[in-house]
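Shown next, in structure tokens, is the structure this report addresses.
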Amino acid sequence: MLTFNRFLFARQLFNRPQAFTVVNKHLATTCSTPPEVTDSHPLKGIKILDLTRIVAGPYCTMILADMGADVYKIERPYAGGDESRKWGPPFLENSKDATYFLASNRNKKSVCIDLKKGKEIIYDLARNCDVLVENYVPGKLDELQLGYDQLKKIAPHLIYCSLTGYGSKGPYAKRPGYDVIAASMGGLLHITGERQGPPSKVGVAVTDIATGLYAHGAILAALLHRQRTGHGQKIDVNLFSTQVSMLINVASNYLNAGLDAQRWGTAHSSIVPYQSFKTKDGYLTLGTGSDKQFQELCELLNINHLAEDPKFKTNKDRVKNRQEIVELLENIFSQKTSKQWMDLLAVGSFPVGPVNSIREVFEDEHIKAIDLVKTLPHSTDGEVKVVGPPVEFSESKNDARTAPPICGQHTDEVLREVLKYSDEQIGELRNKRIIE
């Protein structure tokens with residue numbers, strides 16, 4: 001069996017710089033050449049066979065792609081590909097892809113293969129790849145002879161990562177998984193929302209995102225394990241377990257003290273003040289994590305007497321008398337605008353910030369200064385914007401290089417360049433509607 005280093009070297013032999021071409025309806029059009037993956041990318045030479053769609057799986061593989069891995073996104077031919085391409089409006093004008101799809105699919109190559117009729121192509125890709133990532137309901141890929149037990153015989157070096165709703169065992173294993181359902185069953189909705197209000201979902205799919213993050217970390221660990229042992233393995237990551245793990249202190253409070261949780265709005269169950277306050281023109285969020293920071297807040301608000309009041313002197317006192325101190329602060333913060341308060345409180349050591357609209361987020365001077373938003377050339381729509389990687393390395397690259405692909409954009413390229421299929425083979429597969 002190939003060791004990881006030898007296997008990586010074998011993969012790198014296939015890395016040849018080439019002009020960036022776009023295949024739209026299988027007609028090639030040359031575009032500007034995107035930045036290449038270099039030796040500074042930590043995952044250069046690693047190849048990912050990506051059988052995921054929607055959010056959690058694609059987010060995982062996008063992180064790996066940002067670090068230089070070659071990600072082959074397998075999509076359904078003649079059916080529009082990844083379902084999130086249709087999750088709109090809004091849509092891109094020419095490709096008609098939903099902008100939702102753009103959020104988790106940069107730096108990838110789209111290859112349209114019918115999994116039922118094209119399993120031999122998947123086998124060939126598995127032999128050439130280091131990692132397979134999938135998010136089908138447990139058992140579905142086994143039916144197609146693409147499960148871990150089948151593929152480990154064909155490609156024993158392969159790291160096979162499954163992202164599911166509830167894992168591969170247990171009474172819920174066969175259920176489909178969606179972010180809001182996992183958030184419901186995993187307690188997140190129970191603790192989210194106003195104190196006297198109904199449960200509320202978070203504004204983005206945080207359970208999906210956290211699951212993708214867990215998966216990407218597990219894949220990197222498995223690659224290190226393979227480097228030492230030469231063995232591939234299966235990784236199981238699921239939304240439900242991820243969500244329960246995200247309960248952190250709420251879980252610990254229940255498990256160790258029998259304390260159930262409740263909804264607190266933007267407030268904190270154990271720290272006061274630590275929440276949003278309405279201002280003259282919006283909302284401002286602040287937190288005083290220590291008695292010293294509370295004293296500092298009182299000084300800046302010119303209410304020094306409250307810092308010495310026995311009802312508010314310690315955090316324990318403030319938690320006990322939460323309603324009274326919060327009402328006092330609410331009255332104060334309603335008298336000025338958010339900007340006025342930010343100017344006044346900026347000198348404090350405690351954290352404070354306005355509740356920004358999405359427009360205000362992307363107009364924020366700090367977001368602009370760190371160049372977090374990237375503009376990428378798109379094969380049919382000119383250019384698109386994405387939020388780039390939030391992690392920076394001092395010695396390595398982690399970047400947004402290519403726009404999310406249109407469906408099937410790289411089918412011919414991958415079959416020809418990676419699998420060495422001839423034009424005749426590719427044509428025959430297309431005639432049989434196995435690929436698009």
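Starting from 1 in every chain, residues are counted up; chains themselves are A, B, ... following the order of the structure tokens, and ligands are numbered from 1 as listed.
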
Contacts of A:Val418 at 9 Å (only C-alpha atoms; same-chain gap of 3+ positions) as a list in words: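 Selected residues are Phe14, Leu125, Asn128, Glu413, Val414, Leu415 and Tyr421 of chain A.
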
Based on the selection just made, write N, CA and C atoms of those residues as a CSV table (one decimal), in the first residue's frame.
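Output saved as selection-v8.csv:
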chain,number,residue,atom,x,y,z
A,14,PHE,N,0.5,14.6,-11.3
A,14,PHE,CA,-0.6,15.0,-12.3
A,14,PHE,C,-0.8,16.5,-12.3
A,125,LEU,N,-12.2,7.5,-10.0
A,125,LEU,CA,-11.9,8.7,-9.2
A,125,LEU,C,-11.4,8.4,-7.8
A,128,ASN,N,-7.9,7.6,-7.6
A,128,ASN,CA,-7.0,8.7,-7.8
A,128,ASN,C,-7.1,9.8,-6.8
A,413,GLU,N,-12.8,18.0,-18.6
A,413,GLU,CA,-11.5,18.3,-18.1
A,413,GLU,C,-11.0,17.2,-17.1
A,414,VAL,N,-11.9,16.9,-16.1
A,414,VAL,CA,-11.5,16.0,-15.1
A,414,VAL,C,-11.3,14.6,-15.6
A,415,LEU,N,-12.3,14.2,-16.5
A,415,LEU,CA,-12.2,12.8,-17.0
A,415,LEU,C,-11.0,12.7,-17.9
A,421,TYR,N,-9.2,9.5,-19.7
A,421,TYR,CA,-10.1,9.0,-20.6
A,421,TYR,C,-9.9,9.7,-22.0

Pick out each residue of stretch 59-132 of chain A that DSSP on the backbone tags as strand (DSSP E or B); I need them as a JSON list (two decimals) with C-alpha atoms, in the first residue's frame.
[["chain", "number", "residue", "atom", "x", "y", "z"],
["A", 70, "ASP", "CA", -8.35, 19.69, -5.77],
["A", 71, "VAL", "CA", -12.08, 19.25, -5.18],
["A", 72, "TYR", "CA", -14.14, 17.39, -7.78],
["A", 73, "LYS", "CA", -17.77, 18.23, -7.08],
["A", 74, "ILE", "CA", -19.92, 15.41, -8.44],
["A", 75, "GLU", "CA", -23.38, 16.61, -9.48],
["A", 91, "PHE", "CA", -30.30, 34.21, -8.97],
["A", 98, "ALA", "CA", -28.98, 30.91, -6.94],
["A", 108, "LYS", "CA", -14.13, 23.52, -6.99],
["A", 109, "LYS", "CA", -14.57, 21.70, -10.28],
["A", 110, "SER", "CA", -18.07, 20.55, -11.23],
["A", 111, "VAL", "CA", -18.33, 17.09, -12.80],
["A", 112, "CYS", "CA", -21.76, 15.72, -13.75],
["A", 113, "ILE", "CA", -21.98, 11.93, -13.32],
["A", 131, "VAL", "CA", -10.65, 11.72, 0.37],
["A", 132, "LEU", "CA", -14.31, 11.09, -0.44]]

Surrounding residues of stretch 313-324 of chain A excluding itself and chain neighbours under 4 positions, 8 Å, only C-alpha atoms, as a ChimeraX atom specification: /A:269-273,290-291,306-309,328

Point-to-point distance in Å for atom CA of A:Ser162 and atom CA of A:Leu49: 12.1 Å

Residues within 7 Å of stretch 276-284 of chain A, only C-alpha atoms, excluding chain neighbours under 5 positions, as a list in words: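 Everything that qualifies: Thr266, Glu330, Phe333, Ser334, Gln335, Lys336, Thr337, Ser338, Gly353, Pro354 and Val355 of chain A.
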
Picked from stretch 205-274 of chain A by DSSP as helix (DSSP H, G or I), as a PyMOL selection string: chain A and resi 206-229+239-245+248-257

Selection near A:Leu239, 10 Å with only C-alpha atoms, sequence-local residues under 6 positions removed, as a list in words: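 Those residues are Ala56, Leu163, Thr164, Gly165, Tyr166, Gly167, Gly177, Tyr178, Asp179, Val180, Ile181, Ala182, Ala183, Gly186, Thr207, Asp208, Ile209, Ala210, Thr211, Gly212 and Ser245 of chain A.
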
Now that the selection is made, can you save its residues with all heavy atoms as a CSV table (one decimal), in the first residue's frame?
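Result file out-v3.csv:
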chain,number,residue,atom,x,y,z
A,56,ALA,N,-23.7,21.7,4.6
A,56,ALA,CA,-22.7,21.2,5.5
A,56,ALA,C,-21.5,20.6,4.7
A,56,ALA,O,-20.3,20.9,5.0
A,56,ALA,CB,-23.3,20.2,6.5
A,163,LEU,N,-21.2,12.8,6.1
A,163,LEU,CA,-22.0,13.8,6.9
A,163,LEU,C,-23.5,13.5,6.8
A,163,LEU,O,-24.0,13.4,5.7
A,163,LEU,CB,-21.7,15.2,6.4
A,163,LEU,CG,-20.3,15.8,6.5
A,163,LEU,CD1,-19.5,15.4,5.3
A,163,LEU,CD2,-20.3,17.3,6.7
A,164,THR,N,-24.1,13.2,8.0
A,164,THR,CA,-25.5,12.8,7.9
A,164,THR,C,-26.3,13.5,9.0
A,164,THR,O,-25.7,14.4,9.7
A,164,THR,CB,-25.6,11.3,8.2
A,164,THR,OG1,-25.0,11.0,9.5
A,164,THR,CG2,-24.9,10.4,7.2
A,165,GLY,N,-27.6,13.3,9.0
A,165,GLY,CA,-28.4,14.0,10.0
A,165,GLY,C,-28.2,13.5,11.4
A,165,GLY,O,-28.1,14.2,12.4
A,166,TYR,N,-28.1,12.1,11.6
A,166,TYR,CA,-28.0,11.5,12.9
A,166,TYR,C,-27.0,10.5,13.1
A,166,TYR,O,-26.9,9.8,14.1
A,166,TYR,CB,-29.4,10.9,13.2
A,166,TYR,CG,-30.5,11.9,13.1
A,166,TYR,CD1,-31.2,12.1,11.9
A,166,TYR,CD2,-30.9,12.7,14.2
A,166,TYR,CE1,-32.2,13.0,11.8
A,166,TYR,CE2,-31.9,13.7,14.0
A,166,TYR,CZ,-32.6,13.8,12.8
A,166,TYR,OH,-33.6,14.7,12.7
A,167,GLY,N,-26.1,10.3,12.1
A,167,GLY,CA,-25.0,9.3,12.2
A,167,GLY,C,-25.5,8.0,11.6
A,167,GLY,O,-26.6,7.8,11.1
A,177,GLY,N,-31.6,14.6,7.3
A,177,GLY,CA,-31.2,15.6,8.3
A,177,GLY,C,-31.2,17.0,7.6
A,177,GLY,O,-30.6,17.2,6.6
A,178,TYR,N,-31.8,18.0,8.3
A,178,TYR,CA,-31.7,19.4,7.9
A,178,TYR,C,-31.3,20.2,9.1
A,178,TYR,O,-31.6,19.9,10.3
A,178,TYR,CB,-33.0,19.8,7.3
A,178,TYR,CG,-33.2,19.4,5.9
A,178,TYR,CD1,-33.7,18.2,5.6
A,178,TYR,CD2,-32.9,20.3,4.9
A,178,TYR,CE1,-33.9,17.8,4.3
A,178,TYR,CE2,-33.1,19.9,3.5
A,178,TYR,CZ,-33.5,18.6,3.2
A,178,TYR,OH,-33.7,18.3,1.9
A,179,ASP,N,-30.7,21.3,8.8
A,179,ASP,CA,-30.2,22.2,9.9
A,179,ASP,C,-31.2,22.5,11.0
A,179,ASP,O,-31.0,22.3,12.2
A,179,ASP,CB,-29.6,23.5,9.3
A,179,ASP,CG,-29.2,24.5,10.3
A,179,ASP,OD1,-30.0,25.3,10.7
A,179,ASP,OD2,-28.0,24.5,10.7
A,180,VAL,N,-32.3,23.1,10.5
A,180,VAL,CA,-33.3,23.6,11.5
A,180,VAL,C,-33.9,22.4,12.3
A,180,VAL,O,-34.3,22.6,13.5
A,180,VAL,CB,-34.4,24.4,10.8
A,180,VAL,CG1,-35.3,23.5,10.0
A,180,VAL,CG2,-35.2,25.2,11.9
A,181,ILE,N,-34.0,21.2,11.8
A,181,ILE,CA,-34.5,20.1,12.5
A,181,ILE,C,-33.5,19.6,13.6
A,181,ILE,O,-33.8,19.4,14.7
A,181,ILE,CB,-34.9,18.9,11.6
A,181,ILE,CG1,-35.8,19.4,10.5
A,181,ILE,CG2,-35.5,17.8,12.4
A,181,ILE,CD1,-37.1,20.0,10.9
A,182,ALA,N,-32.2,19.6,13.2
A,182,ALA,CA,-31.2,19.3,14.2
A,182,ALA,C,-31.1,20.3,15.3
A,182,ALA,O,-30.9,20.0,16.4
A,182,ALA,CB,-29.8,19.1,13.5
A,183,ALA,N,-31.3,21.6,14.9
A,183,ALA,CA,-31.3,22.7,15.9
A,183,ALA,C,-32.5,22.6,16.8
A,183,ALA,O,-32.4,22.9,18.0
A,183,ALA,CB,-31.3,24.0,15.1
A,186,GLY,N,-31.8,19.3,18.9
A,186,GLY,CA,-30.6,19.4,19.7
A,186,GLY,C,-30.6,20.6,20.7
A,186,GLY,O,-29.6,20.9,21.3
A,207,THR,N,-25.8,25.1,12.5
A,207,THR,CA,-25.5,23.6,12.7
A,207,THR,C,-24.9,23.0,11.5
A,207,THR,O,-23.9,22.2,11.6
A,207,THR,CB,-26.8,22.9,13.1
A,207,THR,OG1,-27.5,23.6,14.1
A,207,THR,CG2,-26.6,21.5,13.5
A,208,ASP,N,-25.3,23.3,10.3
A,208,ASP,CA,-24.7,22.9,9.1
A,208,ASP,C,-23.2,23.3,9.0
A,208,ASP,O,-22.3,22.5,8.7
A,208,ASP,CB,-25.4,23.4,7.9
A,208,ASP,CG,-26.6,22.6,7.4
A,208,ASP,OD1,-26.6,21.4,7.8
A,208,ASP,OD2,-27.4,23.1,6.7
A,209,ILE,N,-23.0,24.6,9.3
A,209,ILE,CA,-21.6,25.1,9.2
A,209,ILE,C,-20.7,24.5,10.2
A,209,ILE,O,-19.6,24.1,9.9
A,209,ILE,CB,-21.7,26.6,9.4
A,209,ILE,CG1,-22.5,27.3,8.3
A,209,ILE,CG2,-20.2,27.2,9.5
A,209,ILE,CD1,-22.0,27.0,6.9
A,210,ALA,N,-21.2,24.3,11.5
A,210,ALA,CA,-20.4,23.7,12.5
A,210,ALA,C,-20.1,22.2,12.1
A,210,ALA,O,-19.0,21.7,12.4
A,210,ALA,CB,-21.1,23.7,13.9
A,211,THR,N,-21.0,21.5,11.5
A,211,THR,CA,-20.8,20.1,11.1
A,211,THR,C,-19.7,20.1,10.0
A,211,THR,O,-18.9,19.2,10.0
A,211,THR,CB,-22.1,19.5,10.6
A,211,THR,OG1,-23.1,19.6,11.6
A,211,THR,CG2,-21.9,18.1,10.2
A,212,GLY,N,-19.8,21.0,9.1
A,212,GLY,CA,-18.8,21.1,8.1
A,212,GLY,C,-17.4,21.4,8.6
A,212,GLY,O,-16.4,20.8,8.2
A,245,SER,N,-23.2,19.0,20.9
A,245,SER,CA,-21.9,19.4,21.3
A,245,SER,C,-21.8,20.9,21.5
A,245,SER,O,-21.0,21.5,22.3
A,245,SER,CB,-20.8,18.9,20.4
A,245,SER,OG,-20.7,19.7,19.2

Distance criterion (only C-alpha atoms): nearest to A:Ile54 out of A:Lys174, A:Arg263, A:Arg76, A:Arg85: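 Ranking A:Lys174, A:Arg263, A:Arg76, A:Arg85 by distance to A:Ile54, first place goes to A:Arg85.
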